[in-house]
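Read the structure below first, then the notes.
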Amino acid sequence: MSSCYLLQDVLIEIFLRLSVKTLLRLKCICKSWSALIENPSFVSWHLNDIIYTKDKDFLAIIYRDGYTKEDVCTLFTDKKPKMSVSLRINLTRQCYILIMGPCNGLFCMYDYFDDLYLSNPATREIKCLPKSSIPCPLQHIYICDKFGFGFDSKTGDYKVIRLLSCSLEEERCEYQIELYTLSTNSWRKINVVVPGFVYEDYDSAMYLNGVYHWWVEPMGLTKYSENVIFSFDMASECFETTPLPQFLGRYGGTFGVYNESLAVIFCYQELFELWTVNGYGSKVCWEKLLSIGPLKGVERPLGIWKNNEYLFVNNSYEDVTQVVSYNSKNEIVRILILDDSYDRYRLSPTWIKIAQYRESLVSISGTN
């Protein structure tokens with residue numbers, strides 16, 4: 001009996017080093033291996049492993065191919081593309097989609113035809129979420145949906161939050177908040193007041209450490225109005241409103257991650273400032289860490305990779321969209337080539353986002 005346990009311990013140690021693609025192949029070898037790889041504990045160990053992370057963490061650049069209209073995710077290691085995968089697994093409808101994530105290797109996609117999907121590109125699983133049966137508010141003019149996607153660490157569940165924006169007046173917006181949970185495969189309503197207009201751009205929303213963040217513009221906007229951060233905690237299902245640094249809330253900003261904390265890159269003209277935040281709500285503390293620039297031709301920041309790589313959209317060369325990386329330590333600027341067949345004319349500047357991606361065995365047929 002002890003030798004059997006020893007053999008399984010050795011197998012686990014070996015399997016933790018392997019990619020999802022290899023593990024999926026090994027499932028076909030025998031039933032015991034398949035059972036081990038599908039075991040929820042092993043799925044969690046493989047995802048959260050801190051020993052063999054070197055080859056598991058990627059810089060993901062998600063963009064729309066201007067020719068094929070495909071939404072593509074190119075994975076980088078050491079500034080070189082390792083692979084490019086389509087995020088539209090089994091999606092035949094050619095339309096714009098809003099991509100949220102990744103969260104534990106999963107993406108959430110909305111196709112603007114009122115269809116929502118969860119997708120795991122590594123396992124090639126996809127799930128179409130049921131439509132909400134909650135009635136819309138009466139006597140309101142429907143505008144559009146905003147979404148968030150994340151993981152509830154207390155219950156081990158994945159959740160999608162929907163902000164259904166409704167309006168009675170041109171400058172007044174109200175939101176109906178609905179929450180989907182994967183384990184129940186159903187929607188329910190949450191009562192909360194949203195403090196303004198929620199932005200929809202890729203740069204203005206982000207999931208980090210169990211909390212989803214949106215950039216919000218206050219109601220009754222004036223030139224002196226300050227934007228705020230609106231956050232939803234997936235575990236407590238509570239909202240927080242966080243003020244931005246004084247005066248900088250009037251400028252545009254991009255969310256990022258610095259030392260595992262929420263950060264914002266503020267931009268004005270061709271200058272950029274990196275600020276980090278500790279806490280939420282009234283107990284927030286902002287700290288300015290870095291100033292960058294001027295960077296000629298840079299249109300907007302995309303985010304941060306490994307604390308010292310800052311990525312931007314650059315249109316300085318013949319009005320062609322490029323993704324460039326600026327290293328704050330050596331001040332070297334690089335153009336990132338997205339794949340072997342890279343064509344710089346294929347990028348749409350408004351449909352690019354970056355994220356840290358780690359492939360996973362997490363199943364979307366239910367929670368692991």
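Note on naming: chains are A, B, ... as they come in the structure tokens, residues start from 1 per chain, ligands start from 1 in the order shown.
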
#### Entry: Surrounding residues of Lys27 (chain A) excluding itself and chain neighbours under 4 positions, 12 Å, only C-alpha atoms, as an NGL selection string
:A and (15 or 20-23 or 31-39 or 361)

Which parts of region 239-269 of chain A does DSSP call strand (DSSP E) when run on the backbone here, written out as a short mmCIF file (atom, residue, chain, number, x, y, z; two decimals) with N, CA and C atoms, in the first residue's frame?
data_model
loop_
_atom_site.label_atom_id
_atom_site.label_comp_id
_atom_site.auth_asym_id
_atom_site.auth_seq_id
_atom_site.Cartn_x
_atom_site.Cartn_y
_atom_site.Cartn_z
N PHE A 239 -19.58 46.27 -2.85
CA PHE A 239 -18.99 47.27 -3.73
C PHE A 239 -18.25 48.32 -2.91
N GLU A 240 -17.21 48.90 -3.50
CA GLU A 240 -16.48 50.01 -2.90
C GLU A 240 -16.22 51.06 -3.97
N THR A 241 -16.25 52.32 -3.55
CA THR A 241 -15.89 53.43 -4.42
C THR A 241 -14.61 54.06 -3.90
N THR A 242 -13.58 54.12 -4.74
CA THR A 242 -12.27 54.60 -4.33
C THR A 242 -11.91 55.85 -5.10
N PRO A 243 -11.61 56.96 -4.43
CA PRO A 243 -11.19 58.18 -5.15
C PRO A 243 -9.80 58.01 -5.73
N GLY A 252 -7.09 60.54 -18.28
CA GLY A 252 -7.31 59.14 -18.57
C GLY A 252 -6.29 58.27 -17.86
N GLY A 253 -6.65 57.03 -17.62
CA GLY A 253 -5.74 56.13 -16.93
C GLY A 253 -5.96 54.69 -17.35
N THR A 254 -4.95 53.86 -17.10
CA THR A 254 -5.00 52.45 -17.44
C THR A 254 -4.65 51.64 -16.21
N PHE A 255 -5.44 50.61 -15.92
CA PHE A 255 -5.15 49.74 -14.79
C PHE A 255 -3.95 48.85 -15.10
N GLY A 256 -3.23 48.50 -14.03
CA GLY A 256 -2.12 47.57 -14.14
C GLY A 256 -1.88 46.89 -12.81
N VAL A 257 -0.88 46.01 -12.77
CA VAL A 257 -0.51 45.31 -11.55
C VAL A 257 0.95 45.58 -11.26
N TYR A 258 1.24 46.04 -10.04
CA TYR A 258 2.61 46.30 -9.61
C TYR A 258 2.80 45.67 -8.23
N SER A 261 -0.24 44.46 -6.47
CA SER A 261 -1.21 45.46 -6.03
C SER A 261 -1.77 46.21 -7.24
N LEU A 262 -2.96 46.77 -7.07
CA LEU A 262 -3.58 47.54 -8.13
C LEU A 262 -2.78 48.81 -8.39
N ALA A 263 -2.55 49.09 -9.66
CA ALA A 263 -1.82 50.30 -10.05
C ALA A 263 -2.57 50.97 -11.19
N VAL A 264 -2.30 52.27 -11.36
CA VAL A 264 -2.89 53.03 -12.46
C VAL A 264 -1.79 53.82 -13.15
N ILE A 265 -1.77 53.74 -14.48
CA ILE A 265 -0.88 54.58 -15.27
C ILE A 265 -1.70 55.75 -15.79
N PHE A 266 -1.41 56.95 -15.29
CA PHE A 266 -2.09 58.16 -15.75
C PHE A 266 -1.30 58.74 -16.92
N CYS A 267 -2.02 59.25 -17.91
CA CYS A 267 -1.35 59.80 -19.08
C CYS A 267 -1.92 61.18 -19.42
N TYR A 268 -1.02 62.10 -19.71
CA TYR A 268 -1.41 63.41 -20.22
C TYR A 268 -0.30 63.89 -21.13
#

### Task
Quick one: pull the distance between CA of Asp57 (chain A) and CA of Tyr357 (chain A), Å, one decimal.
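The value is 5.9 Å.
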
### Query
In Å, how far is it from CA of Pro102 (chain A) to CA of Val198 (chain A)?
20.5 Å

### Message
Need to verify the contact set: Ser231 (chain A), 12 Å, only C-alpha atoms, exclusion of same-chain residues closer than 5 positions in sequence. Can you return it as a ChimeraX atom specification?
### Response
/A:147-150,161,192,194-195,198,204-216,236-243,262,279-281

Residue selection dump (C-alpha atoms) as a short mmCIF file (atom, residue, chain, number, x, y, z; two decimals), in the first residue's frame:
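Now in part01.cif:
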data_model
loop_
_atom_site.label_atom_id
_atom_site.label_comp_id
_atom_site.auth_asym_id
_atom_site.auth_seq_id
_atom_site.Cartn_x
_atom_site.Cartn_y
_atom_site.Cartn_z
CA PHE A 147 -19.58 43.12 -17.28
CA GLY A 148 -17.02 41.79 -14.83
CA PHE A 149 -15.64 38.30 -14.32
CA GLY A 150 -13.73 36.74 -11.46
CA ILE A 161 -21.42 40.41 -12.82
CA VAL A 192 -26.63 48.65 -5.25
CA VAL A 194 -23.48 52.78 -9.11
CA PRO A 195 -21.88 56.23 -8.59
CA VAL A 198 -19.04 52.90 -16.13
CA SER A 204 -10.70 50.84 -17.84
CA ALA A 205 -11.65 47.52 -16.25
CA MET A 206 -9.54 44.91 -14.46
CA TYR A 207 -9.77 41.85 -12.23
CA LEU A 208 -7.18 41.37 -9.48
CA ASN A 209 -7.07 39.21 -6.34
CA GLY A 210 -10.78 38.49 -6.18
CA VAL A 211 -11.92 42.04 -6.97
CA TYR A 212 -13.15 43.49 -10.27
CA HIS A 213 -12.51 47.19 -10.91
CA TRP A 214 -14.14 49.69 -13.29
CA TRP A 215 -13.25 53.27 -14.16
CA VAL A 216 -16.33 55.40 -13.41
CA SER A 236 -18.23 39.35 -0.07
CA GLU A 237 -20.34 40.58 -3.03
CA CYS A 238 -19.82 44.13 -1.75
CA PHE A 239 -18.99 47.27 -3.73
CA GLU A 240 -16.48 50.01 -2.90
CA THR A 241 -15.89 53.43 -4.42
CA THR A 242 -12.27 54.60 -4.33
CA PRO A 243 -11.19 58.18 -5.15
CA LEU A 262 -3.58 47.54 -8.13
CA GLY A 279 -6.76 49.81 0.50
CA TYR A 280 -10.20 50.68 -0.84
CA GLY A 281 -12.87 53.27 -0.19
#

Determine, counting only C-alpha atoms, which protein, DNA and RNA residues have an atom within 9 Å of an atom of Ser291 (chain A); residues of the same chain fewer than 2 positions away are not included. Present the result as a CSV table (one decimal) with all heavy atoms, in the first residue's frame.
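The resulting part_25.csv:
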chain,number,residue,atom,x,y,z
A,271,LEU,N,3.4,62.2,-21.4
A,271,LEU,CA,3.9,61.9,-20.1
A,271,LEU,C,3.1,60.9,-19.4
A,271,LEU,O,1.8,60.9,-19.6
A,271,LEU,CB,4.1,63.2,-19.3
A,271,LEU,CG,5.0,64.3,-19.8
A,271,LEU,CD1,4.9,65.5,-19.0
A,271,LEU,CD2,6.4,63.8,-19.9
A,272,PHE,N,3.7,60.0,-18.6
A,272,PHE,CA,3.0,59.0,-18.0
A,272,PHE,C,3.5,58.9,-16.5
A,272,PHE,O,4.7,59.0,-16.3
A,272,PHE,CB,3.2,57.6,-18.7
A,272,PHE,CG,2.8,57.6,-20.1
A,272,PHE,CD1,3.7,58.0,-21.1
A,272,PHE,CD2,1.5,57.3,-20.5
A,272,PHE,CE1,3.3,58.0,-22.4
A,272,PHE,CE2,1.1,57.3,-21.8
A,272,PHE,CZ,2.0,57.7,-22.8
A,273,GLU,N,2.5,58.6,-15.6
A,273,GLU,CA,2.9,58.5,-14.2
A,273,GLU,C,2.3,57.2,-13.7
A,273,GLU,O,1.1,56.8,-14.0
A,273,GLU,CB,2.4,59.6,-13.4
A,273,GLU,CG,3.1,60.9,-13.6
A,273,GLU,CD,2.6,62.1,-12.7
A,273,GLU,OE1,1.7,61.8,-11.9
A,273,GLU,OE2,3.1,63.2,-12.8
A,274,LEU,N,3.1,56.4,-12.9
A,274,LEU,CA,2.6,55.2,-12.3
A,274,LEU,C,2.3,55.4,-10.8
A,274,LEU,O,3.2,55.9,-10.1
A,274,LEU,CB,3.7,54.1,-12.4
A,274,LEU,CG,3.4,52.8,-11.7
A,274,LEU,CD1,2.2,52.1,-12.3
A,274,LEU,CD2,4.6,51.9,-11.7
A,288,LYS,N,2.9,57.6,-5.6
A,288,LYS,CA,3.5,57.8,-7.0
A,288,LYS,C,4.9,57.1,-7.0
A,288,LYS,O,5.7,57.4,-6.2
A,288,LYS,CB,3.7,59.3,-7.3
A,288,LYS,CG,4.3,59.5,-8.7
A,288,LYS,CD,4.4,61.0,-8.9
A,288,LYS,CE,5.2,61.3,-10.2
A,288,LYS,NZ,5.4,62.7,-10.5
A,289,LEU,N,5.1,56.2,-8.0
A,289,LEU,CA,6.3,55.4,-8.0
A,289,LEU,C,7.2,55.9,-9.2
A,289,LEU,O,8.4,55.7,-9.0
A,289,LEU,CB,6.0,53.9,-8.2
A,289,LEU,CG,5.2,53.3,-7.1
A,289,LEU,CD1,5.1,51.8,-7.4
A,289,LEU,CD2,5.9,53.5,-5.7
A,293,GLY,N,8.6,59.4,-19.7
A,293,GLY,CA,8.4,60.3,-20.9
A,293,GLY,C,9.1,61.6,-20.8
A,293,GLY,O,9.9,61.8,-19.9

### Task
With a distance cut-off of 8 Å and only C-alpha atoms, select the neighbouring residues of region 59-64 of chain A, excluding the residue or stretch itself and same-chain residues fewer than 6 positions from it, and output the selection as a VMD selection string.
chain A and resid 70 to 77 305 338 346 to 348 351 to 357

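Distance annotation: of A:Lys283, A:Ser19, A:Lys131, A:Leu244, the residue with the minimal separation from Phe230 (chain A) is A:Leu244; atom set is only C-alpha atoms.
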
### Residue nearest Leu118 (chain A) - candidates A:Thr155, A:Arg188, A:Ser133, A:Thr181, atoms counted: only C-alpha atoms
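Checking each candidate against Leu118 (chain A), we get A:Thr181 as the closest.
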
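Interatomic distance, CA of Val228 (chain A) to CA of Trp286 (chain A): 13.0 Å.
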
### Query
From the list A:Leu295, A:Ile335, A:Val160, A:Ala122, which residue is nearest Met109 (chain A) when using only C-alpha atoms?
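Among A:Leu295, A:Ile335, A:Val160, A:Ala122, it is A:Val160 that comes nearest to Met109 (chain A).
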